[in-house]
Amino acid sequence: MKRIGLIVVILCGAVLLYATRDFPAWGDPASPASTHVSPHYIEHALQETEVPNLVTAVLADYRSYDTMFETLVIFGAGVACFLLLRSFGARRREGWYVRHIPTGVVIHFRKRPRIPHSRFFERLDTEWVPHDLIIMTICRILLPFIQLFSLYVVAHGDFSPGGGFQGGVMFGASLVLMAISFDLRTALSRVGERILALLAFLGVVLYGGIGVLCMLLGGEFLDYSELAKILPVHAEEARALGMIGVEVGVGIAVTAVMAVIYVNIASAGRHDEGL
Amino acid sequence: MEQLLQEIVAKYNYWLYIILMMIGLYAIISKNNLIKKLVGMNIFQTAIILFFISISYKEQATIPIIRNAHGPGHVSPEAIQATAYMNPLPHVLMLTAIVVSVATFGVALAIAVKVYGEYETLEEDEIRTRIREKIK
């Protein structure tokens with residue numbers, strides 16, 4: 001099998017390397033990719049949409065139909081992870097571990113104990129017991145800044161590198177960091193499963209809703225210039241505002257789906273303990 | 001030989017991406033462990049992403065964000081030259097492709113978790129023998 005694989009790979013690579021002879025040279029401004037539609041984007045996007053970041057303009061305006069379905073694909077991935085892994089049955093286990101925080105003593109229970117909700121006791125994971133004050137403190141300090149920066153990336157995506165996908169992934173990563181540095185239960189008690197599902201849905205609906213709103217105002221689906229009828233701005237600025245709305249929808253959906261994927265995989269669908 | 005070398009130097013970006021892509025393809029075909037296959041798939045995707053981004057590069061051009069777009073002394077729309085900015089289209093395509101690849105990787109890992117729960121191994125040949133035993 002390995003030898004056959006190697007032969008296939010070498011043949012395939014040789015064909016592709018031979019094909020590079022017909023490719024445009026590195027950095028050629030007259031290459032086919034840069035000649036047809038892209039000059040129009042570069043020269044007219046600012047005039048038509050008032051957005052200096054051309055990547056955002058193309059992503060959320062000229063190709064917004066494509067981006068909507070990309071968001072739907074991500075939502076679908078989150079739903080697939082949930083349906084594949086989520087299980088509500090209790091795990092068979094050898095016991096429960098509770099730590100008395102002031103003394104650091106760990107108590108083992110054979111049956112499920114009633115842990116009092118106080119700051120002196122905390123439940124521990126059975127398989128792996130991370131308890132590092134340095135990591136927890138540093139992450140507690142860092143988390144708000146990471147989340148603030150991700151919101152900045154979403155909100156400033158029209159003017160600088162950024163947008164809904166990047167900001168959403170960063171915010172989702174901050175939730176994952178919380179689940180890693182504390183434990184899964186802490187993260188889920190802050191942002192529960194139902195809220196995550198609702199957020200993922202809300203993001204996609206926000207995107208589609210802006211599109212439908214444009215239709216209701218008499219334009220085509222996702223033609224943001226129609227929003228000028230209800231907003232006190234020009235048609236071009238309305239397109240920029242429509243882009244921000246859409247990016248916020250993308251950001252919310254991506255955040256929620258990243259967290260859903262991590263939580264389901266880390267705990268194998270049980271949502272009780274995991275890395 | 002010298003001609004070949006010139007060819008490689010002129011198109012070295014494509015050569016690198018194709019080599020990277022073939023490393024990924026080899027991992028997908030011949031690795032036994034399912035997680036290693038997934039990593040191979042990710043390397044493959046990375047090669048494609050790098051390929052697209054390198055297509056968008058232009059000599060003497062900057063990133064596709066218009067300079068001095070707003071505010072006092074802003075650039076007039078006629079003054080924007082297509083050769084001064086890189087091609088934004090491949091960036092857009094790869095931006096969504098990266099996030100979608102993360103999402104599909106998540107689904108693939110979920111399936112791997114399921115497989116491990118069913119057969120208690122992620123090695124392909126062992127899974128195959130377990131399936132054969134189950135059929136018998």
# chains A, B, ... in the order shown; residues from 1 in each chain; ligands from 1

$ interface_residues --of "chain B" --to "chain A" --cutoff "8 Å" --atoms "only C-alpha atoms" --output "number ranges by chain"
B: 7, 10-11, 13-15, 18-19, 22, 25-26, 29-31, 54-59, 64-67, 69, 77-78, 80-83, 85, 87-89, 91-92, 95-96, 99-100, 103-104, 106-107, 109-111, 113-114

$ residues_around --residues "range 179-184 of chain A" --least-positions-apart "5" --cutoff "7 Å" --atoms "only C-alpha atoms" --output "list in words"
Ile135, Met136, Cys139, Glu273, Gly274 and Leu275 of chain A

$ select_by_dssp --residues "range 97-187 of chain A" --states "strand (DSSP E or B)" --output "JSON, numbers by chain"
{"A": [97, 98, 99, 100, 105, 106, 107, 108, 109, 121, 122, 123, 124]}

$ write_last_selection --atoms "all heavy atoms" --output "tab-separated table (two decimals), in the first residue's frame"
chain	number	residue	atom	x	y	z
A	97	TYR	N	-14.64	12.87	42.25
A	97	TYR	CA	-13.57	13.50	43.02
A	97	TYR	C	-13.95	14.94	43.33
A	97	TYR	O	-14.42	15.66	42.46
A	97	TYR	CB	-12.26	13.49	42.22
A	97	TYR	CG	-11.73	12.11	42.03
A	97	TYR	CD1	-12.10	11.35	40.93
A	97	TYR	CD2	-10.87	11.55	42.96
A	97	TYR	CE1	-11.63	10.08	40.75
A	97	TYR	CE2	-10.39	10.28	42.78
A	97	TYR	CZ	-10.77	9.54	41.68
A	97	TYR	OH	-10.30	8.27	41.51
A	98	VAL	N	-13.77	15.30	44.59
A	98	VAL	CA	-14.07	16.66	45.02
A	98	VAL	C	-12.85	17.19	45.76
A	98	VAL	O	-12.27	16.48	46.58
A	98	VAL	CB	-15.31	16.69	45.93
A	98	VAL	CG1	-15.55	18.09	46.46
A	98	VAL	CG2	-16.53	16.19	45.19
A	99	ARG	N	-12.46	18.42	45.44
A	99	ARG	CA	-11.32	19.00	46.14
A	99	ARG	C	-11.79	20.04	47.13
A	99	ARG	O	-12.65	20.86	46.82
A	99	ARG	CB	-10.36	19.65	45.15
A	99	ARG	CG	-9.18	20.29	45.89
A	99	ARG	CD	-8.35	21.18	45.01
A	99	ARG	NE	-7.44	20.42	44.19
A	99	ARG	CZ	-7.39	20.51	42.88
A	99	ARG	NH1	-8.18	21.30	42.26
A	99	ARG	NH2	-6.54	19.79	42.19
A	100	HIS	N	-11.21	19.96	48.34
A	100	HIS	CA	-11.44	21.02	49.32
A	100	HIS	C	-10.37	22.07	49.06
A	100	HIS	O	-9.18	21.83	49.25
A	100	HIS	CB	-11.32	20.44	50.74
A	100	HIS	CG	-11.56	21.46	51.80
A	100	HIS	ND1	-10.66	21.70	52.81
A	100	HIS	CD2	-12.58	22.31	51.99
A	100	HIS	CE1	-11.14	22.66	53.58
A	100	HIS	NE2	-12.30	23.04	53.12
A	105	VAL	N	-7.03	19.08	49.75
A	105	VAL	CA	-7.30	17.64	49.93
A	105	VAL	C	-8.36	17.21	48.92
A	105	VAL	O	-9.36	17.89	48.72
A	105	VAL	CB	-7.80	17.37	51.36
A	105	VAL	CG1	-8.26	15.94	51.50
A	105	VAL	CG2	-6.71	17.69	52.34
A	106	VAL	N	-8.09	16.07	48.26
A	106	VAL	CA	-9.04	15.54	47.29
A	106	VAL	C	-9.79	14.37	47.93
A	106	VAL	O	-9.17	13.46	48.48
A	106	VAL	CB	-8.31	15.08	46.01
A	106	VAL	CG1	-9.30	14.48	45.05
A	106	VAL	CG2	-7.59	16.23	45.36
A	107	ILE	N	-11.09	14.42	47.85
A	107	ILE	CA	-11.93	13.38	48.45
A	107	ILE	C	-12.53	12.55	47.32
A	107	ILE	O	-13.00	13.10	46.32
A	107	ILE	CB	-13.07	14.01	49.28
A	107	ILE	CG1	-12.49	15.11	50.18
A	107	ILE	CG2	-13.78	12.97	50.09
A	107	ILE	CD1	-13.53	16.09	50.65
A	108	HIS	N	-12.50	11.24	47.50
A	108	HIS	CA	-13.05	10.33	46.50
A	108	HIS	C	-14.38	9.77	46.99
A	108	HIS	O	-14.46	9.23	48.08
A	108	HIS	CB	-12.05	9.21	46.23
A	108	HIS	CG	-12.57	8.15	45.31
A	108	HIS	ND1	-12.52	6.81	45.61
A	108	HIS	CD2	-13.18	8.25	44.11
A	108	HIS	CE1	-13.07	6.13	44.63
A	108	HIS	NE2	-13.46	6.97	43.70
A	109	PHE	N	-15.41	9.88	46.20
A	109	PHE	CA	-16.73	9.34	46.56
A	109	PHE	C	-17.03	8.18	45.63
A	109	PHE	O	-16.78	8.25	44.43
A	109	PHE	CB	-17.82	10.40	46.38
A	109	PHE	CG	-17.75	11.53	47.38
A	109	PHE	CD1	-17.00	12.67	47.09
A	109	PHE	CD2	-18.43	11.45	48.58
A	109	PHE	CE1	-16.94	13.70	48.01
A	109	PHE	CE2	-18.37	12.49	49.49
A	109	PHE	CZ	-17.62	13.61	49.20
A	121	PHE	N	-15.35	24.06	47.92
A	121	PHE	CA	-15.31	22.75	47.27
A	121	PHE	C	-15.43	22.91	45.76
A	121	PHE	O	-16.13	23.79	45.28
A	121	PHE	CB	-16.48	21.88	47.76
A	121	PHE	CG	-16.33	21.44	49.17
A	121	PHE	CD1	-16.94	22.13	50.19
A	121	PHE	CD2	-15.56	20.34	49.49
A	121	PHE	CE1	-16.80	21.75	51.49
A	121	PHE	CE2	-15.40	19.94	50.79
A	121	PHE	CZ	-16.02	20.64	51.80
A	122	GLU	N	-14.72	22.06	45.01
A	122	GLU	CA	-14.91	22.04	43.56
A	122	GLU	C	-14.81	20.61	43.06
A	122	GLU	O	-14.08	19.79	43.61
A	122	GLU	CB	-13.86	22.91	42.86
A	122	GLU	CG	-12.45	22.39	43.00
A	122	GLU	CD	-11.49	23.16	42.12
A	122	GLU	OE1	-11.94	23.93	41.28
A	122	GLU	OE2	-10.27	22.95	42.28
A	123	ARG	N	-15.61	20.33	42.02
A	123	ARG	CA	-15.58	18.99	41.44
A	123	ARG	C	-14.38	18.88	40.54
A	123	ARG	O	-13.99	19.83	39.86
A	123	ARG	CB	-16.86	18.75	40.65
A	123	ARG	CG	-17.29	17.31	40.65
A	123	ARG	CD	-18.50	17.15	39.77
A	123	ARG	NE	-18.18	16.23	38.69
A	123	ARG	CZ	-18.98	16.00	37.66
A	123	ARG	NH1	-20.12	16.62	37.57
A	123	ARG	NH2	-18.62	15.15	36.74
A	124	LEU	N	-13.77	17.70	40.48
A	124	LEU	CA	-12.61	17.49	39.62
A	124	LEU	C	-12.94	16.49	38.52
A	124	LEU	O	-13.83	15.66	38.68
A	124	LEU	CB	-11.44	16.94	40.44
A	124	LEU	CG	-10.86	17.84	41.49
A	124	LEU	CD1	-9.70	17.14	42.16
A	124	LEU	CD2	-10.40	19.13	40.89

$ atom_distance --atom1 "CA of Phe149 in chain A" --atom2 "CA of Val246 in chain A"
18.9 Å

$ select_by_dssp --residues "range 102-173 of chain A" --states "alpha helix (DSSP H)" --output "ChimeraX atom specification"
/A:133-155,164-173

$ write_last_selection --atoms "N, CA and C atoms" --output "mmCIF file, in the first residue's frame"
data_model
loop_
_atom_site.group_PDB
_atom_site.id
_atom_site.type_symbol
_atom_site.label_atom_id
_atom_site.label_comp_id
_atom_site.auth_asym_id
_atom_site.auth_seq_id
_atom_site.Cartn_x
_atom_site.Cartn_y
_atom_site.Cartn_z
ATOM 1 N N LEU A 133 -2.504 27.345 39.345
ATOM 2 C CA LEU A 133 -2.926 28.706 39.695
ATOM 3 C C LEU A 133 -2.403 29.712 38.680
ATOM 4 N N ILE A 134 -1.145 29.478 38.195
ATOM 5 C CA ILE A 134 -0.549 30.444 37.274
ATOM 6 C C ILE A 134 -1.355 30.496 35.980
ATOM 7 N N ILE A 135 -1.635 29.292 35.445
ATOM 8 C CA ILE A 135 -2.359 29.252 34.175
ATOM 9 C C ILE A 135 -3.734 29.888 34.332
ATOM 10 N N MET A 136 -4.426 29.525 35.429
ATOM 11 C CA MET A 136 -5.772 30.053 35.615
ATOM 12 C C MET A 136 -5.763 31.569 35.758
ATOM 13 N N THR A 137 -4.796 32.082 36.505
ATOM 14 C CA THR A 137 -4.768 33.534 36.721
ATOM 15 C C THR A 137 -4.443 34.271 35.429
ATOM 16 N N ILE A 138 -3.418 33.762 34.709
ATOM 17 C CA ILE A 138 -3.026 34.432 33.465
ATOM 18 C C ILE A 138 -4.183 34.420 32.476
ATOM 19 N N CYS A 139 -4.867 33.268 32.361
ATOM 20 C CA CYS A 139 -5.964 33.183 31.404
ATOM 21 C C CYS A 139 -7.112 34.080 31.829
ATOM 22 N N ARG A 140 -7.338 34.184 33.141
ATOM 23 C CA ARG A 140 -8.412 35.056 33.600
ATOM 24 C C ARG A 140 -8.118 36.498 33.234
ATOM 25 N N ILE A 141 -6.827 36.886 33.304
ATOM 26 C CA ILE A 141 -6.471 38.263 32.932
ATOM 27 C C ILE A 141 -6.563 38.452 31.422
ATOM 28 N N LEU A 142 -6.140 37.407 30.671
ATOM 29 C CA LEU A 142 -6.049 37.559 29.210
ATOM 30 C C LEU A 142 -7.414 37.520 28.520
ATOM 31 N N LEU A 143 -8.332 36.718 29.064
ATOM 32 C CA LEU A 143 -9.588 36.455 28.347
ATOM 33 C C LEU A 143 -10.336 37.719 27.924
ATOM 34 N N PRO A 144 -10.548 38.698 28.820
ATOM 35 C CA PRO A 144 -11.295 39.876 28.370
ATOM 36 C C PRO A 144 -10.613 40.609 27.235
ATOM 37 N N PHE A 145 -9.276 40.635 27.252
ATOM 38 C CA PHE A 145 -8.576 41.350 26.186
ATOM 39 C C PHE A 145 -8.698 40.612 24.861
ATOM 40 N N ILE A 146 -8.615 39.290 24.913
ATOM 41 C CA ILE A 146 -8.789 38.517 23.684
ATOM 42 C C ILE A 146 -10.187 38.761 23.108
ATOM 43 N N GLN A 147 -11.181 38.760 23.996
ATOM 44 C CA GLN A 147 -12.554 38.935 23.507
ATOM 45 C C GLN A 147 -12.769 40.347 22.981
ATOM 46 N N LEU A 148 -12.193 41.334 23.681
ATOM 47 C CA LEU A 148 -12.323 42.717 23.214
ATOM 48 C C LEU A 148 -11.657 42.875 21.851
ATOM 49 N N PHE A 149 -10.475 42.277 21.708
ATOM 50 C CA PHE A 149 -9.764 42.394 20.433
ATOM 51 C C PHE A 149 -10.560 41.726 19.321
ATOM 52 N N SER A 150 -11.199 40.590 19.618
ATOM 53 C CA SER A 150 -11.967 39.913 18.574
ATOM 54 C C SER A 150 -13.166 40.762 18.171
ATOM 55 N N LEU A 151 -13.797 41.434 19.131
ATOM 56 C CA LEU A 151 -14.901 42.336 18.773
ATOM 57 C C LEU A 151 -14.384 43.490 17.911
ATOM 58 N N TYR A 152 -13.179 43.970 18.243
ATOM 59 C CA TYR A 152 -12.576 45.036 17.427
ATOM 60 C C TYR A 152 -12.347 44.539 16.002
ATOM 61 N N VAL A 153 -11.850 43.303 15.890
ATOM 62 C CA VAL A 153 -11.578 42.756 14.558
ATOM 63 C C VAL A 153 -12.864 42.672 13.740
ATOM 64 N N VAL A 154 -13.965 42.291 14.388
ATOM 65 C CA VAL A 154 -15.241 42.242 13.657
ATOM 66 C C VAL A 154 -15.688 43.645 13.273
ATOM 67 N N ALA A 155 -15.666 44.568 14.244
ATOM 68 C CA ALA A 155 -16.255 45.884 14.013
ATOM 69 C C ALA A 155 -15.398 46.720 13.063
ATOM 70 N N GLY A 164 -15.839 39.130 10.019
ATOM 71 C CA GLY A 164 -16.626 38.214 10.843
ATOM 72 C C GLY A 164 -15.960 36.881 11.080
ATOM 73 N N PHE A 165 -15.331 36.311 10.056
ATOM 74 C CA PHE A 165 -14.740 34.982 10.221
ATOM 75 C C PHE A 165 -13.585 35.018 11.213
ATOM 76 N N GLN A 166 -12.680 36.006 11.018
ATOM 77 C CA GLN A 166 -11.508 36.066 11.892
ATOM 78 C C GLN A 166 -11.909 36.384 13.319
ATOM 79 N N GLY A 167 -12.743 37.417 13.476
ATOM 80 C CA GLY A 167 -13.159 37.802 14.815
ATOM 81 C C GLY A 167 -13.932 36.695 15.503
ATOM 82 N N GLY A 168 -14.789 36.017 14.729
ATOM 83 C CA GLY A 168 -15.582 34.928 15.304
ATOM 84 C C GLY A 168 -14.709 33.782 15.773
ATOM 85 N N VAL A 169 -13.720 33.421 14.957
ATOM 86 C CA VAL A 169 -12.826 32.334 15.357
ATOM 87 C C VAL A 169 -12.067 32.711 16.616
ATOM 88 N N MET A 170 -11.648 34.002 16.688
ATOM 89 C CA MET A 170 -10.890 34.440 17.864
ATOM 90 C C MET A 170 -11.757 34.385 19.112
ATOM 91 N N PHE A 171 -12.993 34.820 18.994
ATOM 92 C CA PHE A 171 -13.883 34.779 20.154
ATOM 93 C C PHE A 171 -14.154 33.327 20.564
ATOM 94 N N GLY A 172 -14.365 32.479 19.559
ATOM 95 C CA GLY A 172 -14.550 31.052 19.867
ATOM 96 C C GLY A 172 -13.322 30.473 20.550
ATOM 97 N N ALA A 173 -12.129 30.910 20.102
ATOM 98 C CA ALA A 173 -10.896 30.424 20.718
ATOM 99 C C ALA A 173 -10.803 30.877 22.164
#

$ atom_distance --atom1 "CA of Ala235 in chain A" --atom2 "CA of Ala79 in chain B"
22.1 Å

$ atom_distance --atom1 "CA of Arg93 in chain A" --atom2 "CA of Thr129 in chain B"
29.1 Å

$ residues_around --residues "Tyr116 in chain B" --least-positions-apart "4" --cutoff "12 Å" --atoms "only C-alpha atoms" --output "list in words"
Leu85 and Ala268 of chain A; Asn33, Leu34, Ile35, Leu109, Ala110, Ile111, Ala112, Glu120, Thr121, Leu122, Glu123, Glu124, Glu126, Ile127 and Arg130 of chain B

$ residues_around --residues "Ile252 in chain A" --least-positions-apart "2" --cutoff "9 Å" --atoms "only C-alpha atoms" --output "list in words"
Gly164, Gly168, Phe171, Leu199, Ala200, Phe201, Leu202, Gly203, Val204, Glu247, Val248, Gly249, Val250, Val254, Thr255, Ala256 and Val257 of chain A
